[in-house]
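To keep things clear, I will list the structure first and then write my remarks on it.
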Amino acid sequence: MAIDLDDLNIQLLTSNFLEITPDDWEMSGIESRFWRFYINSDDGVSVEIGGVTASLSAGQAYIIPAGVKFSAFTDRTVGQLFIHFDVHGLYSPGVRELFSGLISLPASFPLLESAWDIALRRQAGEPANMITRAQALGIVYCALGSYLRSLPYERIERCVSQSMVIEPLMPAVRYIEAHLAEPLPIRVLAEMCFMSEGHFIRQFRAGIGHTPVQYILERRVSYAAHLLHTTLKSIDIVAAESGFGSRFYFHRVFTRMVGISPGQYRRSPR
């Protein structure tokens, strides 16, 4: 069994090139709900994951997956290209096991030239546009492909085979993704999978790693973050289109899950 690419969807949140300094780039205990792609212009940047500190070499591409708790710091001013993105479709714990720590991409990562082209454009003051967004999205897909290609085939097959447990849940998962703005009663989702509500909740938590309610909130917040960074829609409209009943409820849930308010998130260069 292979990962179903029809279910794999990458949403680009933001990309930029900034100079980071020891004072403004010290992060402790971050556990992001989105993925991070980094390339630094110079040595000096380090991340700590699970008690192990790794130096990020200049010109090397790295990914920190969502849900990986890390701290980061730099001992000098460094130019940094970053791409923040969300990956939807890596459902099962077995597949997510492949993305459980710092990912160092192969030195021959083929889109480094495109990455530095984005960096130079943004450094020159060019705003994010269709060209740079398309480049960034291509870099992310290529990065994930390059990483998977570098892994032993047996490890991929072992992890992916565990995803068979979620096949009975996929009608509900696909319906959730296509109807985030609508009410999503657990009873209705369970009926789609021909399960009782209690059995559905237990199977969902075992297969996806979250309860259905937690998963729906995660998807709604991720989609809202995507809208905040890629559109000029008002926060009220973003709240409605991502399935939150009111701006107040949206503000409360988004701030709790992301760490900053929707308005702060939209204004942040990161």
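Quick note on naming: the chains in the structure tokens go A, B, ... in the order shown, residues restart at 1 in each chain, and ligands are numbered from 1 in order of appearance.
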
Show me, as a JSON list (two decimals) with N, CA and C atoms, in the first residue's frame, the residues that have an atom within 12 Å of Ile186 in chain A when counting only C-alpha atoms, minus same-chain residues fewer than 3 positions from it.
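Contents of the output file result01.json:
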```json
[["chain", "number", "residue", "atom", "x", "y", "z"],
["A", 172, "ALA", "N", -15.12, 9.88, 6.21],
["A", 172, "ALA", "CA", -15.31, 11.00, 7.14],
["A", 172, "ALA", "C", -14.19, 12.03, 7.01],
["A", 173, "VAL", "N", -12.96, 11.55, 6.89],
["A", 173, "VAL", "CA", -11.82, 12.47, 6.79],
["A", 173, "VAL", "C", -11.95, 13.34, 5.54],
["A", 175, "TYR", "N", -14.67, 14.05, 3.93],
["A", 175, "TYR", "CA", -15.83, 14.93, 4.06],
["A", 175, "TYR", "C", -15.49, 16.13, 4.93],
["A", 176, "ILE", "N", -14.75, 15.91, 6.00],
["A", 176, "ILE", "CA", -14.33, 17.01, 6.86],
["A", 176, "ILE", "C", -13.55, 18.05, 6.07],
["A", 183, "PRO", "N", -21.42, 22.73, 9.61],
["A", 183, "PRO", "CA", -21.47, 21.90, 10.83],
["A", 183, "PRO", "C", -21.04, 20.47, 10.51],
["A", 189, "LEU", "N", -20.74, 11.88, 10.75],
["A", 189, "LEU", "CA", -19.46, 11.36, 10.28],
["A", 189, "LEU", "C", -19.35, 9.86, 10.56],
["A", 190, "ALA", "N", -19.84, 9.44, 11.72],
["A", 190, "ALA", "CA", -19.80, 8.01, 12.07],
["A", 190, "ALA", "C", -20.66, 7.20, 11.11],
["A", 191, "GLU", "N", -21.84, 7.74, 10.75],
["A", 191, "GLU", "CA", -22.72, 7.03, 9.82],
["A", 191, "GLU", "C", -22.07, 6.86, 8.46],
["A", 192, "MET", "N", -21.27, 7.85, 8.02],
["A", 192, "MET", "CA", -20.57, 7.73, 6.75],
["A", 192, "MET", "C", -19.64, 6.52, 6.74],
["A", 193, "CYS", "N", -19.12, 6.18, 7.90],
["A", 193, "CYS", "CA", -18.17, 5.08, 8.01],
["A", 193, "CYS", "C", -18.85, 3.79, 8.51],
["A", 195, "MET", "N", -20.36, 3.14, 11.32],
["A", 195, "MET", "CA", -19.96, 2.83, 12.69],
["A", 195, "MET", "C", -20.90, 3.53, 13.66],
["A", 196, "SER", "N", -20.98, 2.98, 14.86],
["A", 196, "SER", "CA", -21.66, 3.69, 15.93],
["A", 196, "SER", "C", -20.79, 4.89, 16.32],
["A", 197, "GLU", "N", -21.40, 5.87, 16.97],
["A", 197, "GLU", "CA", -20.65, 7.08, 17.32],
["A", 197, "GLU", "C", -19.48, 6.77, 18.26],
["A", 198, "GLY", "N", -19.72, 5.92, 19.28],
["A", 198, "GLY", "CA", -18.65, 5.59, 20.21],
["A", 198, "GLY", "C", -17.51, 4.83, 19.55],
["A", 199, "HIS", "N", -17.86, 3.86, 18.71],
["A", 199, "HIS", "CA", -16.83, 3.08, 18.01],
["A", 199, "HIS", "C", -16.05, 3.97, 17.04],
["A", 200, "PHE", "N", -16.75, 4.88, 16.37],
["A", 200, "PHE", "CA", -16.09, 5.80, 15.44],
["A", 200, "PHE", "C", -15.06, 6.67, 16.17],
["A", 201, "ILE", "N", -15.45, 7.20, 17.32],
["A", 201, "ILE", "CA", -14.53, 8.06, 18.07],
["A", 201, "ILE", "C", -13.29, 7.28, 18.49],
["A", 202, "ARG", "N", -13.49, 6.05, 18.97],
["A", 202, "ARG", "CA", -12.34, 5.24, 19.39],
["A", 202, "ARG", "C", -11.43, 4.91, 18.21],
["A", 204, "PHE", "N", -11.18, 6.52, 15.37],
["A", 204, "PHE", "CA", -10.58, 7.75, 14.85],
["A", 204, "PHE", "C", -9.36, 8.15, 15.68],
["A", 211, "THR", "N", -8.97, 12.94, 18.60],
["A", 211, "THR", "CA", -10.41, 12.72, 18.54],
["A", 211, "THR", "C", -10.96, 13.46, 17.33],
["A", 212, "PRO", "N", -12.15, 13.10, 16.86],
["A", 212, "PRO", "CA", -12.73, 13.83, 15.72],
["A", 212, "PRO", "C", -12.85, 15.32, 15.98],
["A", 213, "VAL", "N", -13.26, 15.70, 17.19],
["A", 213, "VAL", "CA", -13.42, 17.13, 17.50],
["A", 213, "VAL", "C", -12.07, 17.84, 17.44],
["A", 214, "GLN", "N", -11.04, 17.24, 18.02],
["A", 214, "GLN", "CA", -9.71, 17.84, 17.97],
["A", 214, "GLN", "C", -9.22, 17.98, 16.52],
["A", 215, "TYR", "N", -9.46, 16.93, 15.75],
["A", 215, "TYR", "CA", -9.00, 16.95, 14.35],
["A", 215, "TYR", "C", -9.70, 18.04, 13.56],
["A", 216, "ILE", "N", -11.01, 18.19, 13.76],
["A", 216, "ILE", "CA", -11.76, 19.22, 13.04],
["A", 216, "ILE", "C", -11.24, 20.61, 13.41]]
```

Which polymer residues have any atom within 9 Å of an atom of range 12-27 of chain A, counting only C-alpha atoms, with same-chain residues fewer than 2 positions away left out, as a CSV table (one decimal) with N, CA and C atoms, in the first residue's frame?
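Okay, result_1.csv is ready:
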```csv
chain,number,residue,atom,x,y,z
A,10,ILE,N,-0.6,20.1,0.2
A,10,ILE,CA,0.3,21.0,0.8
A,10,ILE,C,-0.3,22.4,0.7
A,29,GLY,N,11.1,25.8,23.2
A,29,GLY,CA,9.9,25.0,23.4
A,29,GLY,C,8.8,25.2,22.4
A,30,ILE,N,9.2,25.5,21.2
A,30,ILE,CA,8.2,25.7,20.1
A,30,ILE,C,7.6,24.4,19.6
A,34,PHE,N,2.3,24.0,12.1
A,34,PHE,CA,2.7,24.0,10.7
A,34,PHE,C,4.1,23.6,10.5
A,70,PHE,N,10.8,22.0,19.6
A,70,PHE,CA,12.2,22.3,19.4
A,70,PHE,C,12.4,23.7,20.0
A,71,SER,N,13.7,24.0,20.2
A,71,SER,CA,14.2,25.3,20.5
A,71,SER,C,15.3,25.7,19.5
A,72,ALA,N,15.4,27.0,19.3
A,72,ALA,CA,16.4,27.4,18.2
A,72,ALA,C,17.1,28.7,18.7
A,73,PHE,N,18.3,28.9,18.2
A,73,PHE,CA,19.0,30.1,18.5
A,73,PHE,C,20.1,30.3,17.5
A,74,THR,N,20.6,31.5,17.4
A,74,THR,CA,21.8,31.8,16.5
A,74,THR,C,22.8,32.6,17.3
A,75,ASP,N,24.1,32.4,17.0
A,75,ASP,CA,25.1,33.2,17.7
A,75,ASP,C,25.6,34.4,16.9
A,76,ARG,N,25.0,34.6,15.7
A,76,ARG,CA,25.4,35.7,14.9
A,76,ARG,C,24.2,36.1,13.9
A,77,THR,N,24.4,37.2,13.3
A,77,THR,CA,23.3,37.6,12.3
A,77,THR,C,23.5,36.8,11.0
A,78,VAL,N,22.4,36.2,10.6
A,78,VAL,CA,22.3,35.2,9.5
A,78,VAL,C,21.1,35.6,8.6
A,79,GLY,N,21.3,35.5,7.3
A,79,GLY,CA,20.2,35.6,6.4
A,79,GLY,C,19.5,34.2,6.3
A,80,GLN,N,18.2,34.3,6.4
A,80,GLN,CA,17.4,33.0,6.5
A,80,GLN,C,16.2,33.0,5.5
A,81,LEU,N,16.2,32.0,4.6
A,81,LEU,CA,15.0,31.8,3.8
A,81,LEU,C,14.2,30.8,4.6
A,82,PHE,N,12.9,31.1,4.8
A,82,PHE,CA,12.0,30.2,5.5
A,82,PHE,C,10.7,30.1,4.7
A,83,ILE,N,10.2,28.9,4.7
A,83,ILE,CA,8.9,28.6,4.1
A,83,ILE,C,8.0,27.9,5.1
A,84,HIS,N,6.9,28.4,5.5
A,84,HIS,CA,6.0,27.8,6.4
A,84,HIS,C,4.8,27.2,5.6
A,85,PHE,N,4.5,25.9,5.9
A,85,PHE,CA,3.5,25.3,5.1
A,85,PHE,C,2.7,24.2,6.0
A,86,ASP,N,1.6,23.8,5.5
A,86,ASP,CA,0.8,22.8,6.2
A,86,ASP,C,0.6,21.6,5.3
A,87,VAL,N,0.8,20.4,5.8
A,87,VAL,CA,0.6,19.2,5.1
A,87,VAL,C,-0.6,18.5,5.5
A,118,ILE,N,14.2,32.9,-4.7
A,118,ILE,CA,13.2,33.5,-3.9
A,118,ILE,C,13.8,34.4,-2.9
A,119,ALA,N,14.9,33.9,-2.2
A,119,ALA,CA,15.6,34.7,-1.2
A,119,ALA,C,16.0,36.1,-1.8
A,120,LEU,N,16.6,36.1,-3.0
A,120,LEU,CA,17.1,37.3,-3.6
A,120,LEU,C,15.9,38.2,-3.9
A,121,ARG,N,14.9,37.7,-4.5
A,121,ARG,CA,13.7,38.5,-4.8
A,121,ARG,C,13.1,39.1,-3.6
A,122,ARG,N,12.9,38.4,-2.5
A,122,ARG,CA,12.3,38.9,-1.3
A,122,ARG,C,13.3,39.9,-0.6
A,123,GLN,N,14.6,39.6,-0.7
A,123,GLN,CA,15.6,40.5,-0.1
A,123,GLN,C,15.6,41.9,-0.8
A,127,PRO,N,7.4,41.7,-3.2
A,127,PRO,CA,6.4,41.1,-2.4
A,127,PRO,C,6.1,39.7,-2.9
A,128,ALA,N,5.6,38.9,-2.0
A,128,ALA,CA,5.2,37.5,-2.4
A,128,ALA,C,4.1,37.6,-3.5
A,132,THR,N,6.7,33.6,-6.9
A,132,THR,CA,7.5,33.1,-5.7
A,132,THR,C,6.7,32.1,-4.9
A,133,ARG,N,5.3,32.2,-4.9
A,133,ARG,CA,4.5,31.2,-4.2
A,133,ARG,C,4.6,29.9,-5.0
A,136,ALA,N,7.9,28.4,-4.2
A,136,ALA,CA,8.0,27.9,-2.8
A,136,ALA,C,7.2,26.5,-2.7
A,137,LEU,N,6.1,26.4,-3.3
A,137,LEU,CA,5.3,25.2,-3.3
A,137,LEU,C,6.1,24.1,-4.0
A,140,VAL,N,8.8,22.8,-1.7
A,140,VAL,CA,8.3,21.9,-0.6
A,140,VAL,C,8.0,20.5,-1.1
A,225,ALA,N,-5.4,29.9,9.0
A,225,ALA,CA,-4.1,30.4,8.9
A,225,ALA,C,-3.7,30.6,7.4
A,226,HIS,N,-4.1,29.6,6.6
A,226,HIS,CA,-3.9,29.7,5.2
A,226,HIS,C,-4.6,31.0,4.6
A,227,LEU,N,-5.8,31.2,4.9
A,227,LEU,CA,-6.6,32.3,4.4
A,227,LEU,C,-6.0,33.6,4.9
A,228,LEU,N,-5.6,33.7,6.2
A,228,LEU,CA,-5.0,34.9,6.7
A,228,LEU,C,-3.7,35.3,6.0
A,229,HIS,N,-3.0,34.4,5.5
A,229,HIS,CA,-1.7,34.7,4.8
A,229,HIS,C,-1.8,34.9,3.3
A,230,THR,N,-2.9,34.3,2.8
A,230,THR,CA,-2.9,34.3,1.3
A,230,THR,C,-4.1,35.1,0.7
A,269,PRO,N,5.7,38.8,9.9
A,269,PRO,CA,6.5,38.4,8.7
A,269,PRO,C,6.8,36.9,8.7
A,270,ARG,N,6.6,36.2,9.8
A,270,ARG,CA,6.8,34.8,9.9
A,270,ARG,C,5.5,34.0,9.9
```

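The closest residue to Cys159 in chain A, picked from A:Glu31, A:Pro65, A:Arg96, A:Ile235 and counting only C-alpha atoms, is A:Arg96.
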
#### Entry: Contacts of Ile260 in chain A within 12 Å, only C-alpha atoms, excl. fewer than 6 positions in-chain, as a PyMOL selection string
chain A and resi 32+225+251-254+266-268+270

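Proximity to Phe109 in chain A was assessed for A:Pro152, A:Gly44, A:Gly59, A:Gly245 counting only C-alpha atoms; the smallest distance is recorded for A:Gly59.
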
### Picked from range 27-250 of chain A by DSSP as strand (DSSP E or B), as a ChimeraX atom specification
/A:27-30,35-40,45-49,52-56,61-64,70-74,78-88,103-104

Write the residues you've just listed into a file as a CSV table (one decimal), in the first residue's frame, and include C-alpha atoms for each of them.
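The file below, selection.csv, is the result:
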```csv
chain,number,residue,atom,x,y,z
A,27,MET,CA,12.8,30.3,20.4
A,28,SER,CA,12.3,27.9,23.3
A,29,GLY,CA,9.9,25.0,23.4
A,30,ILE,CA,8.2,25.7,20.1
A,35,TRP,CA,5.8,22.8,9.0
A,36,ARG,CA,9.0,24.9,8.6
A,37,PHE,CA,11.6,24.8,5.7
A,38,TYR,CA,14.9,26.6,6.4
A,39,ILE,CA,18.0,27.5,4.5
A,40,ASN,CA,20.6,29.8,6.1
A,45,VAL,CA,22.1,28.6,13.7
A,46,SER,CA,21.3,25.7,15.9
A,47,VAL,CA,18.2,23.8,16.9
A,48,GLU,CA,17.6,21.5,19.9
A,49,ILE,CA,15.2,18.6,19.6
A,52,VAL,CA,20.0,16.9,21.1
A,53,THR,CA,21.5,20.1,19.6
A,54,ALA,CA,22.2,20.2,15.9
A,55,SER,CA,23.9,22.9,13.9
A,56,LEU,CA,22.2,24.0,10.7
A,61,ALA,CA,18.1,22.7,3.5
A,62,TYR,CA,16.2,21.6,6.6
A,63,ILE,CA,12.6,20.8,7.5
A,64,ILE,CA,11.0,20.8,11.0
A,70,PHE,CA,12.2,22.3,19.4
A,71,SER,CA,14.2,25.3,20.5
A,72,ALA,CA,16.4,27.4,18.2
A,73,PHE,CA,19.0,30.1,18.5
A,74,THR,CA,21.8,31.8,16.5
A,78,VAL,CA,22.3,35.2,9.5
A,79,GLY,CA,20.2,35.6,6.4
A,80,GLN,CA,17.4,33.0,6.5
A,81,LEU,CA,15.0,31.8,3.8
A,82,PHE,CA,12.0,30.2,5.5
A,83,ILE,CA,8.9,28.6,4.1
A,84,HIS,CA,6.0,27.8,6.4
A,85,PHE,CA,3.5,25.3,5.1
A,86,ASP,CA,0.8,22.8,6.2
A,87,VAL,CA,0.6,19.2,5.1
A,88,HIS,CA,-2.7,17.5,4.9
A,103,ILE,CA,15.0,16.5,8.5
A,104,SER,CA,18.3,17.3,6.8
```

### Task
Rank nothing, just name the residue among A:Phe250, A:Gln135, A:Ser41, A:Asn129 nearest to Thr231 in chain A, using only C-alpha atoms.
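Checking each candidate against Thr231 in chain A, we get A:Asn129 as the closest.
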
### Task
Just the residues within 12 Å of Ala181 in chain A, please, counting only C-alpha atoms, with nothing from its chain fewer than 3 positions along; format it as a PyMOL selection string.
chain A and resi 175-178+184+216-217+219-221+223-224+237-246

May I have the residues from that selection written out with N, CA and C atoms, as an mmCIF file, in the first residue's frame?
```
data_model
loop_
_atom_site.group_PDB
_atom_site.id
_atom_site.type_symbol
_atom_site.label_atom_id
_atom_site.label_comp_id
_atom_site.auth_asym_id
_atom_site.auth_seq_id
_atom_site.Cartn_x
_atom_site.Cartn_y
_atom_site.Cartn_z
ATOM 1 N N TYR A 175 -14.674 14.050 3.929
ATOM 2 C CA TYR A 175 -15.833 14.929 4.061
ATOM 3 C C TYR A 175 -15.488 16.134 4.932
ATOM 4 N N ILE A 176 -14.753 15.910 6.000
ATOM 5 C CA ILE A 176 -14.333 17.013 6.865
ATOM 6 C C ILE A 176 -13.546 18.048 6.070
ATOM 7 N N GLU A 177 -12.582 17.586 5.301
ATOM 8 C CA GLU A 177 -11.728 18.506 4.549
ATOM 9 C C GLU A 177 -12.528 19.316 3.530
ATOM 10 N N ALA A 178 -13.546 18.719 2.939
ATOM 11 C CA ALA A 178 -14.324 19.397 1.895
ATOM 12 C C ALA A 178 -15.438 20.266 2.454
ATOM 13 N N LEU A 184 -20.304 19.852 11.427
ATOM 14 C CA LEU A 184 -19.789 18.500 11.209
ATOM 15 C C LEU A 184 -20.136 17.627 12.409
ATOM 16 N N ILE A 216 -11.007 18.194 13.756
ATOM 17 C CA ILE A 216 -11.760 19.221 13.042
ATOM 18 C C ILE A 216 -11.244 20.608 13.410
ATOM 19 N N LEU A 217 -10.987 20.848 14.693
ATOM 20 C CA LEU A 217 -10.449 22.146 15.106
ATOM 21 C C LEU A 217 -9.078 22.394 14.490
ATOM 22 N N ARG A 219 -7.892 21.230 11.668
ATOM 23 C CA ARG A 219 -8.043 21.521 10.247
ATOM 24 C C ARG A 219 -8.619 22.917 10.029
ATOM 25 N N ARG A 220 -9.564 23.318 10.865
ATOM 26 C CA ARG A 220 -10.152 24.650 10.716
ATOM 27 C C ARG A 220 -9.138 25.748 11.015
ATOM 28 N N VAL A 221 -8.342 25.554 12.048
ATOM 29 C CA VAL A 221 -7.308 26.544 12.374
ATOM 30 C C VAL A 221 -6.259 26.605 11.267
ATOM 31 N N TYR A 223 -6.660 25.888 8.102
ATOM 32 C CA TYR A 223 -7.244 26.538 6.929
ATOM 33 C C TYR A 223 -7.387 28.036 7.156
ATOM 34 N N ALA A 224 -7.743 28.432 8.372
ATOM 35 C CA ALA A 224 -7.835 29.856 8.686
ATOM 36 C C ALA A 224 -6.478 30.535 8.547
ATOM 37 N N ILE A 237 -14.825 37.121 7.897
ATOM 38 C CA ILE A 237 -15.041 36.205 6.775
ATOM 39 C C ILE A 237 -14.172 34.967 6.929
ATOM 40 N N VAL A 238 -12.921 35.150 7.348
ATOM 41 C CA VAL A 238 -12.036 34.000 7.571
ATOM 42 C C VAL A 238 -12.646 33.071 8.618
ATOM 43 N N ALA A 239 -13.183 33.647 9.687
ATOM 44 C CA ALA A 239 -13.809 32.840 10.730
ATOM 45 C C ALA A 239 -14.964 32.028 10.167
ATOM 46 N N ALA A 240 -15.797 32.661 9.350
ATOM 47 C CA ALA A 240 -16.959 31.972 8.781
ATOM 48 C C ALA A 240 -16.540 30.893 7.801
ATOM 49 N N GLU A 241 -15.582 31.198 6.923
ATOM 50 C CA GLU A 241 -15.193 30.247 5.889
ATOM 51 C C GLU A 241 -14.389 29.072 6.437
ATOM 52 N N SER A 242 -13.846 29.215 7.626
ATOM 53 C CA SER A 242 -13.107 28.098 8.227
ATOM 54 C C SER A 242 -13.939 27.359 9.269
ATOM 55 N N GLY A 243 -15.230 27.708 9.379
ATOM 56 C CA GLY A 243 -16.146 26.899 10.172
ATOM 57 C C GLY A 243 -16.360 27.321 11.604
ATOM 58 N N PHE A 244 -15.915 28.522 11.974
ATOM 59 C CA PHE A 244 -16.125 29.001 13.337
ATOM 60 C C PHE A 244 -17.403 29.845 13.384
ATOM 61 N N GLY A 245 -18.198 29.619 14.400
ATOM 62 C CA GLY A 245 -19.504 30.255 14.449
ATOM 63 C C GLY A 245 -19.479 31.743 14.681
ATOM 64 N N SER A 246 -18.409 32.247 15.274
ATOM 65 C CA SER A 246 -18.323 33.679 15.556
ATOM 66 C C SER A 246 -16.869 34.107 15.562
#
```

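Relative to CA of Ala143 in chain A, CA of Ala206 in chain A is found at 28.8 Å.
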
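Proximity to Glu97 in chain A was assessed for A:Pro110, A:Gly145, A:Gly259, A:Gly209 counting only C-alpha atoms; the smallest distance is recorded for A:Gly209.
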
### Task
Compare A:Phe99, A:Lys69, A:Ala107, A:Gln11 by their minimum atom-to-atom distance to Ser57 in chain A, counting only C-alpha atoms, and give me the closest one.
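Closest to Ser57 in chain A, using only C-alpha atoms: A:Ala107.
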
### Task
Rank nothing, just name the residue among A:Gly50, A:Gly89, A:Pro106, A:Pro262 nearest to Tyr147 in chain A, using only C-alpha atoms.
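Among the listed residues, the smallest separation from Tyr147 in chain A belongs to A:Pro106.
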
#### Entry: Atomic distance CA of Ile139 in chain A - CA of Leu111 in chain A, expressed in Å with one decimal
6.1 Å

### Members of range 89-269 of chain A assigned helix (DSSP H, G or I) by DSSP, as a count of residues only
129

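Straight-line separation from CA of Leu105 in chain A to CA of Gln60 in chain A: 7.3 Å.
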